[in-house]
Structures are given as C-alpha cells and as structure tokens.
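S.K.: Pasting a structure here, questions to come.
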Amino acid sequence: MPEKIYYCENEDPALWVVNYEEEKIPPYTLPDLLVCRDGKRISSSRDWREKRRPEILSFFEDVMYGELPGLPDEAEYETVSRKENDLNGLAVRREIRIHFRMKNGKSHFADALLFLPAKAEGKVPVFIGLTFKGNQVCSPDPSIRLTGLRGDAGGTDIKTAESLRGTHARRFPLKEILSRGYAILFASCHDFFPDRSDGWEESIYSLFYDKNELEKIQWERSGLSAWAWGISRLADLAQSIPEIDGTRLVCYGHSRLGKASLWAGANDERFSLVCVNDSGCGGAALSRRLYGETLFSMCRKYNMGYWFRRDFWEKSLHVEKLEMDQHGLIALVAPRAVAVHSATEDRWADPYGEYLSAYHAGSVYRLFGKTPLESPVQPPPGQPAGTDISYLLREGKHDILLEDFQQYMDAADRIFSSITQKRSEK
Ligand code: GCU
C-alpha cells in the first residue's frame with residue numbers, strides 16, 4: 001500500500017484522503033489583499049476600488065469562475081399565477097416566467113416564485129436566491145407549479161418533479177420571513193445552468209453562443225457564473241416589482257448555491273447584504289487549508305468541474321500557487337455587508353476555513369471604516385459575531401434553516417434600518 005497523501009500532492013484519485021485534522025494542514029501564507037500586483041500597498045478605499053479590487057475580481061474571472069454572461073437583448077416578465085391570500089393571509093404569491101430574448105431569435109426562460117408580505121406598509125426588502133431543484137421544493141402546496149425540470153430530474157419527468165414537492169420546506173421558513181416584513185424571490189438553479197456536467201446546451205449560455213461554440217467556452221465560463229448571473233436577473237425582476245424596494249436587495253444561498261450567492265454579491269453591487277451559507281470549498285472557505293473538500297477533488301474526483309472554468313481544473317491542484325484565496329472573494333463585497341454561516345457537523349465545508357476567510361477579508365472592510373470580525377478565534381456554536389462582516393456557526397448539519405434566516409434577517413434589519421434613518425435625516 002502506498003503511503004496516504006493529500007489530494008494536493010498527487011493526481012491519482014486512488015491516493016486521495018480527506019484531511020480533517022488541523023495539525024495536518026500544510027503551512028500556508030494568504031495573499032495580502034492590500035498589496036497590488038505591482039507590489040504597492042494600498043491604504044485607502046479609493047485605491048481599493050480603483051486599483052486592487054479590479055485585480056482581485058479579474059483573478060476570479062480569469063482563473064476560477066469566468067466572467068458572468070452579458071445581458072440579453074430583452075427580458076419580459078410574464079405573471080403566470082397570482083394568489084392573494086396565501087399562507088393564511090400572510091402572503092401574496094406570484095409565479096413569474098422571465099423570457100430572455102435575443103434579436104437573433106434565440107430565447108430562454110426561467111420560472112421565478114415570489115412571496116410578498118400581504119400586510120406590508122410601503123415597499124418591502126427582498127431575499128433573492130436559487131433552489132436546488134424546482135420551486136415546488138419550498139412547500140407541500142400542490143398549487144405551486146412544477147419548475148426546474150431541465151436538470152437531473154429529467155427533461156419531462158413530471159413524476160420526479162412532483163415527488164420533490166415540499167422536500168426542502170425546512171429551507172424556506174416562509175411564515176417567519178414574511179412576518180418580519182421581507183419578501184422572498186427565487187428560481188431553480190437549473191433554469192440558468194442544469195446542475196450537471198453536460199448542462200451547457202440547456203443553460204443560459206445557449207442564448208449567447210451557438211451549439212458549436214459551447215464546447216470551447218467551457219474553458220472560460222462556468223456553471224457558477226451562470227447561477228450568479230441568474231441571481232442578478234432575479235434582482236432585475238425584483239426591481240421591476242412595485243411592491244419591492246429595489247434599493248433593499250439581499251442575495252442568499254446554501255452550499256453550491258452559497259458559492260453562487262457570494263460570486264453574485266461580489267459582482268452585483270445592488271445587493272446590500274450577501275448571505276453565504278455552508279458554501280465551503282470554492283465559496284467562502286479558504287482553499288489553502290486543504291481541510292475537507294478541496295478544489296482539486298471538486299474538479300477531478302467528484303465531477304463538479306463545470307462549476308469552474310475548464311482551465312482551472314489543472315490549476316486547482318496547486319492551491320498554494322493561486323494568486324488569490326477566497327478571503328479575496330468576500331472582500332469584493334466590501335463595503336456592503338456579508339453574512340457567512342457554517343454548521344458544526346459540516347466538516348466537508350471546513351467551518352473554520354469559512355470563518356478565517358471572513359476574518360481575513362476584514363482588512364478591506366477597515367479601509368471603508370466598516371467593522372470587521374475582531375478575532376481569528378471562531379465563535380462557539382450558536383453565538384453570532386460581527387456586524388458588517390457577520391458569522392454564525394450553527395449547531396447541526398449541512399443545511400439552511402430558520403436559525404440561519406433569523407440571523408440573516410437580523411443583519412438585514414441592521415442595514416436597512418440604518419438606510420431608512422439616513423434617508424430621513426436628509
Ligand atoms: C457537495 C460538494 C460541495 C457543495 C455541496 C452542495 O457536497 O462537494 O462543494 O457545496 O455538494 O451543494 O450541497
């Protein structure tokens with residue numbers, strides 16, 4: 001038997017083991033967020049915005065995820081259903097099909113589901129995200145249309161889609177969200193990129209590229225960028241809805257969709273708060289720790305490489321050589337608020353690596369006079385920490401639950417009440 005070694009050191013999957021021991025993490029140095037490619041140190045928020053931020057953004061575009069797709073020539077919002085007294089009068093529910101169209105005749109659609117608080121006074125803030133399967137996972141309600149059939153549920157497999165109804169209801173604490181005055185808007189991630197390696201032809205990329213180009217673009221585009229794009233298109237939709245306050249947008253996501261939420265929030269400055277739940281490797285967690293999942297195993301062993309640019313697969317073997325680590329991705333959100341959550345039993349996602357990443361993004365938040373996380377010591381389970389960068393280690397498994405949403409809404413309350421206060425002071 002060969003000696004067991006870590007993924008990063010050998011390309012042979014048979015030799016890979018997952019490291020769950022802090023002592024076995026290889027020594028690493030994190031790239032300095034405040035030192036530019038030319039070696040100059042920046043010390044102002046202006047230099048961050050003008051010089052350093054574009055460098056870090058370009059790393060994530062040019063090396064890891066690829067640029068987000070462009071805009072379609074046209075987006076039309078078709079309301080396909082309306083329910084006024086949903087959730088015992090708490091909500092107004094709307095199903096909206098977004099038609100993306102190009103002048104050359106190509107088109108694509110995504111099905112969004114919106115819950116608005118029924119008794120709101122004035123315009124409401126909104127949580128925007130993606131679902132793993134169809135929208136019907138959010139509730140057992142049989143009147144919610146089946147969506148998201150383009151993915152592994154199979155093109156026309158209504159039976160499978162129906163069997164998913166309500167299966168993620170715990171991840172949608174709708175009553176609590178609506179009672180606190182927030183709207184929630186989501187669509188299936190499959191509507192933007194079917195979550196499988198051969199999903200390109202059915203993805204949003206098919207709107208912009210011909211079939212024969214889709215193979216080539218995999219080297220510079222990715223599933224995660226398609227999902228992040230989808231979250232931003234939902235933000236466009238939100239901003240067209242009269243009941244929603246288009247200046248109070250929150251993006252959120254769990255796991256692979258937490259990675260997408262962070263990438264969406266890094267790109268789209270309309271999101272005042274970016275909520276990132278159990279996003280792990282390729283999301284909030286530091287790649288250089290090689291604890292739990294690694295970038296290389298994601299790309300090569302578990303066939304999730306399509307979440308990244310194809311030319312990143314080889315580079316992912318040597319995380320120590322990457323120009324940037326994931327604390328840089330969190331820093332791209334600055335000065336807007338970011339809330340990073342982990343779960344105690346979610347070792348695969350490296351909870352401490354997620355915390356450290358949020359902690360190390362702090363140098364950039366400080367440039368803006370914002371409050372970073374104070375200590376490199378991870379707070380104990382159940383004890384939320386921080387404000388502008390906030391963190392929660394939830395007790396339990398890899399999931400997104402009411403406890404997570406409560407903290408996200410607390411973070412949103414903090415931001416939006418200060419915006420309202422500033423407005424009334426003017
Ligand atoms: C897998 C994958 C993770 C991902 C997770 C999820 O576990 O390895 O990177 O976050 O799926 O999306 O549920």
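Numbering starts fresh at 1 for the residues of each chain in the structure tokens, the chains themselves are lettered A, B, ... in the order given, and ligands are numbered from 1 as they appear.
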If you count only C-alpha atoms, which residues fall within 7 Å of A:Phe368, apart from same-chain ones fewer than 2 positions away, as a compact mmCIF listing (two decimals) with C-alpha atoms, in the first residue's frame?
M.R.:
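File written: around36.txt
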```
# COMPACT_ATOMS: atom_id res chain seq x y z
CA SER A 45 -10.88 52.83 -0.03
CA PRO A 335 -18.19 47.85 1.94
CA TYR A 365 -13.65 46.48 5.34
CA ARG A 366 -11.43 48.54 7.63
CA LYS A 370 -16.57 49.20 8.49
```
S.K.: Quick one: residues within 9 Å of ligand 1, with only C-alpha atoms and all ligand atoms, as a list in words?
M.R.: Phe132, His254, Ser255, Arg256, Leu257, Gly258, Lys259, Asp278, Ser279, Gly280, Cys281, Gly282, Gly283, Glu293, Thr294, Leu295, Ser297, Met298, Tyr302, Met304, Trp348, Ala349, His398 and Asp399 of chain A
S.K.: Determine which residues of stretch 149-379 of chain A DSSP labels as helix (DSSP H, G or I) from the backbone of this structure, then write them out as a PyMOL selection string.
M.R.: chain A and resi 158-163+169-171+174-179+189-191+200-202+205-208+211-217+223-239+256-267+287-289+295-301+305-307+312-315+319-321+326-331+347-349+351-360+362-367
S.K.: May I ask which of the residues A:Ala75, A:Gly66, A:Arg52, A:Pro376 is the closest one to A:Leu224, counting only C-alpha atoms?
M.R.: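 Checking each candidate against A:Leu224, we get A:Gly66 as the closest.
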S.K.: Residues within 7 Å of A:Gly148, please, as a PyMOL selection string. Count only C-alpha atoms; anything in the same chain fewer than 3 positions from it doesn't count.
M.R.: chain A and resi 133-134+151+188+190-191
S.K.: Output N, CA, C and O atoms for every residue in the selection just made, as a tab-separated table (two decimals), in the first residue's frame.
M.R.:
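Contents of the output file out.tsv:
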```tsv
chain	number	residue	atom	x	y	z
A	133	LYS	N	-33.64	22.25	-6.73
A	133	LYS	CA	-34.45	21.51	-7.72
A	133	LYS	C	-35.45	22.53	-8.28
A	133	LYS	O	-35.04	23.58	-8.72
A	134	GLY	N	-36.73	22.22	-8.22
A	134	GLY	CA	-37.71	23.22	-8.71
A	134	GLY	C	-38.22	24.09	-7.59
A	134	GLY	O	-37.94	23.86	-6.41
A	151	GLY	N	-32.95	19.81	-15.19
A	151	GLY	CA	-31.75	19.25	-14.59
A	151	GLY	C	-31.84	17.76	-14.42
A	151	GLY	O	-32.41	17.05	-15.24
A	188	SER	N	-35.29	28.07	-9.84
A	188	SER	CA	-34.43	26.89	-9.81
A	188	SER	C	-33.08	27.19	-10.47
A	188	SER	O	-33.03	27.82	-11.54
A	190	HIS	N	-31.39	25.21	-12.05
A	190	HIS	CA	-31.39	24.52	-13.35
A	190	HIS	C	-31.88	25.40	-14.49
A	190	HIS	O	-31.58	25.15	-15.65
A	191	ASP	N	-32.68	26.41	-14.14
A	191	ASP	CA	-33.19	27.30	-15.19
A	191	ASP	C	-32.06	28.15	-15.79
A	191	ASP	O	-32.24	28.73	-16.86
```
S.K.: Env of A:Arg37: 12 Å cut, atoms = only C-alpha atoms, seq-sep filter 3 positions within chain, self excluded. Answer as a PyMOL selection string.
M.R.: chain A and resi 31-34+40-42+51-56+58-59+323-324
S.K.: My list of candidates is A:Val274, A:Leu114, A:Ile204, A:Leu290. Which is closest to A:Pro69 when distances are computed with only C-alpha atoms?
M.R.: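 Among the listed residues, A:Ile204 lies closest to A:Pro69.
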S.K.: Could you tell me how far atom CA of A:Tyr182 sits from atom CA of A:Asp245, in Å to one decimal place?
M.R.: 10.3 Å
S.K.: Leaving out A:Leu113 and any residue of its chain fewer than 5 positions from it, which residues lie within 9 Å of it when counting only C-alpha atoms, given as a list of chain:residue names?
M.R.: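 The residues that qualify are A:Arg93, A:Arg94, A:Glu95, A:Ile96, A:Arg97, A:Asn135, A:Ile144, A:Ile184, A:Leu185, A:Phe186, A:Ala187.
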